[in-house]
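> Sharing input-v1.cif, mmCIF, C-alpha atoms:
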data_structure
loop_
_atom_site.group_PDB
_atom_site.id
_atom_site.type_symbol
_atom_site.label_atom_id
_atom_site.label_comp_id
_atom_site.auth_asym_id
_atom_site.auth_seq_id
_atom_site.Cartn_x
_atom_site.Cartn_y
_atom_site.Cartn_z
ATOM 1 C CA MET A 499 -11.042 -40.776 -110.917
ATOM 2 C CA SER A 500 -11.531 -41.339 -114.604
ATOM 3 C CA ASP A 501 -10.042 -42.817 -117.705
ATOM 4 C CA GLY A 502 -11.781 -40.846 -120.414
ATOM 5 C CA GLN A 503 -15.496 -41.610 -120.175
ATOM 6 C CA TYR A 504 -15.184 -44.389 -117.580
ATOM 7 C CA GLN A 505 -15.225 -43.168 -113.994
ATOM 8 C CA TYR A 506 -14.660 -44.849 -110.656
ATOM 9 C CA GLN A 507 -14.027 -43.579 -107.165
ATOM 10 C CA GLU A 508 -11.292 -44.140 -104.647
ATOM 11 C CA ILE A 509 -11.957 -45.012 -101.046
ATOM 12 C CA SER A 510 -9.433 -44.509 -98.260
ATOM 13 C CA PRO A 511 -8.415 -47.417 -96.022
ATOM 14 C CA GLU A 512 -9.880 -45.481 -93.077
ATOM 15 C CA GLU A 513 -13.260 -45.096 -94.784
ATOM 16 C CA LEU A 514 -13.315 -48.740 -95.885
ATOM 17 C CA GLN A 515 -12.484 -49.911 -92.367
ATOM 18 C CA ARG A 516 -15.244 -47.727 -90.886
ATOM 19 C CA ARG A 517 -17.782 -49.008 -93.382
ATOM 20 C CA LEU A 518 -16.813 -52.647 -92.812
ATOM 21 C CA GLU A 519 -17.067 -52.181 -89.048
ATOM 22 C CA THR A 520 -20.592 -50.770 -89.373
ATOM 23 C CA GLY A 521 -21.642 -53.688 -91.581
ATOM 24 C CA GLU A 522 -22.417 -51.714 -94.719
ATOM 25 C CA ASP A 523 -23.471 -53.726 -97.750
ATOM 26 C CA LEU A 524 -20.396 -53.791 -99.970
ATOM 27 C CA ILE A 525 -18.142 -56.380 -101.512
ATOM 28 C CA VAL A 526 -14.366 -56.187 -101.076
ATOM 29 C CA VAL A 527 -12.375 -58.060 -103.726
ATOM 30 C CA ASP A 528 -8.629 -58.507 -103.274
ATOM 31 C CA ILE A 529 -7.224 -58.913 -106.795
ATOM 32 C CA ARG A 530 -3.617 -59.597 -105.808
ATOM 33 C CA GLU A 531 -1.917 -62.913 -106.500
ATOM 34 C CA GLY A 532 -1.984 -65.796 -104.012
ATOM 35 C CA PHE A 533 1.608 -65.329 -102.906
ATOM 36 C CA GLU A 534 0.776 -61.707 -102.006
ATOM 37 C CA TRP A 535 -2.174 -62.778 -99.838
ATOM 38 C CA GLN A 536 0.100 -65.181 -97.981
ATOM 39 C CA ALA A 537 2.903 -62.657 -97.564
ATOM 40 C CA THR A 538 0.906 -59.688 -96.298
ATOM 41 C CA GLY A 539 -2.520 -61.050 -95.398
ATOM 42 C CA VAL A 540 -5.944 -59.885 -96.541
ATOM 43 C CA ILE A 541 -8.655 -57.567 -95.296
ATOM 44 C CA PRO A 542 -11.074 -59.630 -93.179
ATOM 45 C CA GLY A 543 -14.062 -60.700 -95.256
ATOM 46 C CA ALA A 544 -12.499 -59.873 -98.633
ATOM 47 C CA ARG A 545 -13.069 -62.152 -101.602
ATOM 48 C CA LEU A 546 -9.769 -63.427 -102.959
ATOM 49 C CA ALA A 547 -9.588 -63.418 -106.744
ATOM 50 C CA SER A 548 -6.426 -62.826 -108.754
ATOM 51 C CA MET A 549 -6.962 -59.958 -111.186
ATOM 52 C CA ARG A 550 -6.926 -61.707 -114.549
ATOM 53 C CA PRO A 551 -9.195 -64.676 -113.668
ATOM 54 C CA PHE A 552 -11.515 -62.338 -111.767
ATOM 55 C CA LEU A 553 -11.936 -59.953 -114.697
ATOM 56 C CA LEU A 554 -12.228 -62.688 -117.297
ATOM 57 C CA THR A 555 -14.402 -65.275 -115.563
ATOM 58 C CA GLN A 556 -15.919 -63.997 -112.319
ATOM 59 C CA LEU A 557 -17.523 -60.630 -113.081
ATOM 60 C CA ASP A 558 -20.828 -62.292 -113.908
ATOM 61 C CA THR A 559 -21.064 -63.480 -110.288
ATOM 62 C CA LEU A 560 -21.503 -59.866 -109.127
ATOM 63 C CA ASP A 561 -24.514 -57.559 -109.285
ATOM 64 C CA LYS A 562 -23.597 -54.565 -111.445
ATOM 65 C CA GLU A 563 -25.469 -52.259 -109.043
ATOM 66 C CA GLN A 564 -23.682 -53.574 -105.909
ATOM 67 C CA GLU A 565 -20.862 -51.494 -104.450
ATOM 68 C CA VAL A 566 -17.542 -53.241 -105.107
ATOM 69 C CA VAL A 567 -14.257 -52.146 -103.525
ATOM 70 C CA LEU A 568 -11.131 -53.460 -105.236
ATOM 71 C CA VAL A 569 -7.872 -53.949 -103.336
ATOM 72 C CA CYS A 570 -4.354 -54.670 -104.582
ATOM 73 C CA ALA A 571 -0.855 -53.992 -103.237
ATOM 74 C CA SER A 572 -0.603 -50.273 -104.041
ATOM 75 C CA GLY A 573 -3.725 -49.251 -105.973
ATOM 76 C CA VAL A 574 -2.376 -49.483 -109.528
ATOM 77 C CA ARG A 575 -4.027 -52.786 -110.532
ATOM 78 C CA THR A 576 -7.302 -51.791 -108.907
ATOM 79 C CA ALA A 577 -7.414 -48.582 -110.946
ATOM 80 C CA ASP A 578 -7.072 -50.609 -114.157
ATOM 81 C CA ALA A 579 -9.629 -53.171 -112.980
ATOM 82 C CA ALA A 580 -12.080 -50.443 -111.919
ATOM 83 C CA VAL A 581 -11.955 -48.853 -115.371
ATOM 84 C CA TYR A 582 -12.515 -52.258 -116.984
ATOM 85 C CA MET A 583 -15.468 -52.982 -114.699
ATOM 86 C CA THR A 584 -17.108 -49.642 -115.490
ATOM 87 C CA MET A 585 -16.650 -50.419 -119.185
ATOM 88 C CA LYS A 586 -18.562 -53.653 -118.508
ATOM 89 C CA GLY A 587 -21.449 -51.763 -116.924
ATOM 90 C CA PHE A 588 -20.652 -51.786 -113.215
ATOM 91 C CA LYS A 589 -22.096 -48.668 -111.590
ATOM 92 C CA ASN A 590 -20.403 -48.466 -108.186
ATOM 93 C CA VAL A 591 -16.763 -49.584 -108.316
ATOM 94 C CA LYS A 592 -14.135 -48.194 -105.968
ATOM 95 C CA SER A 593 -10.375 -48.616 -105.747
ATOM 96 C CA MET A 594 -8.849 -48.591 -102.261
ATOM 97 C CA ALA A 595 -6.303 -45.768 -102.333
ATOM 98 C CA GLY A 596 -2.787 -46.974 -101.621
ATOM 99 C CA GLY A 597 -3.757 -50.655 -101.569
ATOM 100 C CA MET A 598 -2.600 -53.020 -98.849
ATOM 101 C CA LYS A 599 0.483 -50.870 -98.292
ATOM 102 C CA ALA A 600 -1.890 -48.199 -96.972
ATOM 103 C CA TRP A 601 -3.941 -50.737 -94.971
ATOM 104 C CA LYS A 602 -0.932 -51.736 -92.848
ATOM 105 C CA GLY A 603 -1.185 -50.338 -89.361
ATOM 106 C CA ARG A 604 -5.008 -50.247 -89.340
ATOM 107 C CA SER A 605 -6.631 -51.283 -86.080
ATOM 108 C CA VAL A 606 -8.119 -54.192 -88.039
ATOM 109 C CA PRO A 607 -5.033 -56.110 -89.128
ATOM 110 C CA ALA A 608 -4.911 -58.142 -92.296
ATOM 111 C CA GLU A 609 -5.632 -61.837 -91.848
ATOM 112 C CA VAL A 610 -2.982 -64.262 -93.004
ATOM 113 C CA LYS A 611 -4.295 -66.762 -95.572
#
Render the structure in this file as structure tokens.

Amino acid sequence: MSDGQYQYQEISPEELQRRLETGEDLIVVDIREGFEWQATGVIPGARLASMRPFLLTQLDTLDKEQEVVLVCASGVRTADAAVYMTMKGFKNVKSMAGGMKAWKGRSVPAEVK
């Protein structure tokens, strides 16, 4: 996917689940709001960081070479955040296609926070 010169990739919920189950080295960041985490749960092991504070104050806590998978409700916010992160020099940012709506029904259910 791209927004002009800034490119990021999408990852399917199935692929993300497989990679988490095999213990691959990646960071999952759920950028939804707190009430959304409580209402629908979160992917086990995901960092919880609302989009705006995450983008404005927490990016420097991540290695720009590390693979980062962003998750939101439907994939719209993560697309915007992924473009922003690539603009800031992140090399391996992915947006989970379909967001948590697509994660529902996975054999690894979302945890309730």
> For A:Asp523, which residue out of A:Val567, A:Ile541, A:Ile509, A:Leu553 is the nearest one, using all atoms listed in the file?
A:Val567
> Decode the PyMOL selection byres ((chain A and resi 592-595) around 9) for the given file into explicit residues and return them as a short mmCIF file (atom, residue, chain, number, x, y, z; two decimals) with C-alpha atoms, keeping the file's coordinate frame.

data_model
loop_
_atom_site.label_atom_id
_atom_site.label_comp_id
_atom_site.auth_asym_id
_atom_site.auth_seq_id
_atom_site.Cartn_x
_atom_site.Cartn_y
_atom_site.Cartn_z
CA TYR A 506 -14.66 -44.85 -110.66
CA GLN A 507 -14.03 -43.58 -107.16
CA GLU A 508 -11.29 -44.14 -104.65
CA ILE A 509 -11.96 -45.01 -101.05
CA SER A 510 -9.43 -44.51 -98.26
CA PRO A 511 -8.41 -47.42 -96.02
CA LEU A 514 -13.32 -48.74 -95.88
CA GLU A 565 -20.86 -51.49 -104.45
CA VAL A 566 -17.54 -53.24 -105.11
CA VAL A 567 -14.26 -52.15 -103.52
CA LEU A 568 -11.13 -53.46 -105.24
CA VAL A 569 -7.87 -53.95 -103.34
CA CYS A 570 -4.35 -54.67 -104.58
CA SER A 572 -0.60 -50.27 -104.04
CA GLY A 573 -3.72 -49.25 -105.97
CA VAL A 574 -2.38 -49.48 -109.53
CA ARG A 575 -4.03 -52.79 -110.53
CA THR A 576 -7.30 -51.79 -108.91
CA ALA A 577 -7.41 -48.58 -110.95
CA ALA A 579 -9.63 -53.17 -112.98
CA ALA A 580 -12.08 -50.44 -111.92
CA ASN A 590 -20.40 -48.47 -108.19
CA VAL A 591 -16.76 -49.58 -108.32
CA GLY A 596 -2.79 -46.97 -101.62
CA GLY A 597 -3.76 -50.66 -101.57
CA MET A 598 -2.60 -53.02 -98.85
CA ALA A 600 -1.89 -48.20 -96.97
#
> Between A:Glu531, A:Gly543, A:Phe552, A:Gln536, which has the minimum distance to A:Glu519 (counting all atoms listed in the file)?
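Looking at the shortest contact to A:Glu519, the residue is A:Gly543.
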> For atom CA of A:Gly539 and atom CA of A:Lys562, quote the distance in Å rounded to one decimal.
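Straight-line distance from atom CA of A:Gly539 to atom CA of A:Lys562 works out to 27.3 Å.
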> In Å, how far is it from atom CA of A:Arg516 to atom CA of A:Trp601?
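The value is 12.4 Å.
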> Using all atoms listed in the file, which residue out of A:Ala571, A:Leu560, A:Val527, A:Val581 lies closest to A:Ala544?
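Of all the options, A:Val527 lies closest to A:Ala544.
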> So how far away is atom CA of A:Glu513 from atom CA of A:Pro551, in Å?
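Interatomic distance here is 27.5 Å.
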> Here is a test: counting only C-alpha atoms, which residue of A:Asp528, A:Gln564, A:Lys589, A:Met583 is nearest to A:Val540?
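Using only C-alpha atoms, the shortest distance to A:Val540 belongs to A:Asp528.
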> Since the input has fewer atoms than a full residue there, write stretch 507-525 of chain A out with N, CA and C atoms, as an mmCIF file, keeping the file's coordinate frame.

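Once written, out04.cif looks like this:
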data_model
loop_
_atom_site.group_PDB
_atom_site.id
_atom_site.type_symbol
_atom_site.label_atom_id
_atom_site.label_comp_id
_atom_site.auth_asym_id
_atom_site.auth_seq_id
_atom_site.Cartn_x
_atom_site.Cartn_y
_atom_site.Cartn_z
ATOM 1 N N GLN A 507 -14.435 -44.371 -108.319
ATOM 2 C CA GLN A 507 -14.027 -43.579 -107.165
ATOM 3 C C GLN A 507 -12.943 -44.308 -106.398
ATOM 4 N N GLU A 508 -12.223 -43.544 -105.595
ATOM 5 C CA GLU A 508 -11.292 -44.140 -104.647
ATOM 6 C C GLU A 508 -11.919 -44.065 -103.265
ATOM 7 N N ILE A 509 -11.540 -45.008 -102.437
ATOM 8 C CA ILE A 509 -11.957 -45.012 -101.046
ATOM 9 C C ILE A 509 -10.701 -45.159 -100.199
ATOM 10 N N SER A 510 -10.606 -44.422 -99.125
ATOM 11 C CA SER A 510 -9.433 -44.509 -98.260
ATOM 12 C C SER A 510 -9.521 -45.767 -97.402
ATOM 13 N N PRO A 511 -8.385 -46.274 -96.940
ATOM 14 C CA PRO A 511 -8.415 -47.417 -96.022
ATOM 15 C C PRO A 511 -9.231 -47.101 -94.761
ATOM 16 N N GLU A 512 -9.137 -45.871 -94.284
ATOM 17 C CA GLU A 512 -9.880 -45.481 -93.077
ATOM 18 C C GLU A 512 -11.392 -45.569 -93.311
ATOM 19 N N GLU A 513 -11.836 -45.064 -94.454
ATOM 20 C CA GLU A 513 -13.260 -45.096 -94.784
ATOM 21 C C GLU A 513 -13.733 -46.531 -94.988
ATOM 22 N N LEU A 514 -12.938 -47.343 -95.677
ATOM 23 C CA LEU A 514 -13.315 -48.740 -95.885
ATOM 24 C C LEU A 514 -13.415 -49.456 -94.543
ATOM 25 N N GLN A 515 -12.449 -49.266 -93.678
ATOM 26 C CA GLN A 515 -12.484 -49.911 -92.367
ATOM 27 C C GLN A 515 -13.744 -49.505 -91.604
ATOM 28 N N ARG A 516 -14.062 -48.219 -91.604
ATOM 29 C CA ARG A 516 -15.244 -47.727 -90.886
ATOM 30 C C ARG A 516 -16.503 -48.386 -91.448
ATOM 31 N N ARG A 517 -16.594 -48.444 -92.748
ATOM 32 C CA ARG A 517 -17.782 -49.008 -93.382
ATOM 33 C C ARG A 517 -17.902 -50.508 -93.148
ATOM 34 N N LEU A 518 -16.782 -51.214 -93.125
ATOM 35 C CA LEU A 518 -16.813 -52.647 -92.812
ATOM 36 C C LEU A 518 -17.243 -52.869 -91.364
ATOM 37 N N GLU A 519 -16.732 -52.046 -90.469
ATOM 38 C CA GLU A 519 -17.067 -52.181 -89.048
ATOM 39 C C GLU A 519 -18.541 -51.915 -88.778
ATOM 40 N N THR A 520 -19.166 -51.056 -89.567
ATOM 41 C CA THR A 520 -20.592 -50.770 -89.373
ATOM 42 C C THR A 520 -21.484 -51.722 -90.164
ATOM 43 N N GLY A 521 -20.875 -52.665 -90.881
ATOM 44 C CA GLY A 521 -21.642 -53.688 -91.581
ATOM 45 C C GLY A 521 -22.331 -53.232 -92.849
ATOM 46 N N GLU A 522 -21.800 -52.190 -93.478
ATOM 47 C CA GLU A 522 -22.417 -51.714 -94.719
ATOM 48 C C GLU A 522 -22.363 -52.794 -95.795
ATOM 49 N N ASP A 523 -23.325 -52.731 -96.694
ATOM 50 C CA ASP A 523 -23.471 -53.726 -97.750
ATOM 51 C C ASP A 523 -22.543 -53.399 -98.917
ATOM 52 N N LEU A 524 -21.353 -53.970 -98.881
ATOM 53 C CA LEU A 524 -20.396 -53.791 -99.970
ATOM 54 C C LEU A 524 -19.568 -55.049 -100.096
ATOM 55 N N ILE A 525 -18.992 -55.220 -101.251
ATOM 56 C CA ILE A 525 -18.142 -56.380 -101.512
ATOM 57 C C ILE A 525 -16.713 -55.891 -101.676
#
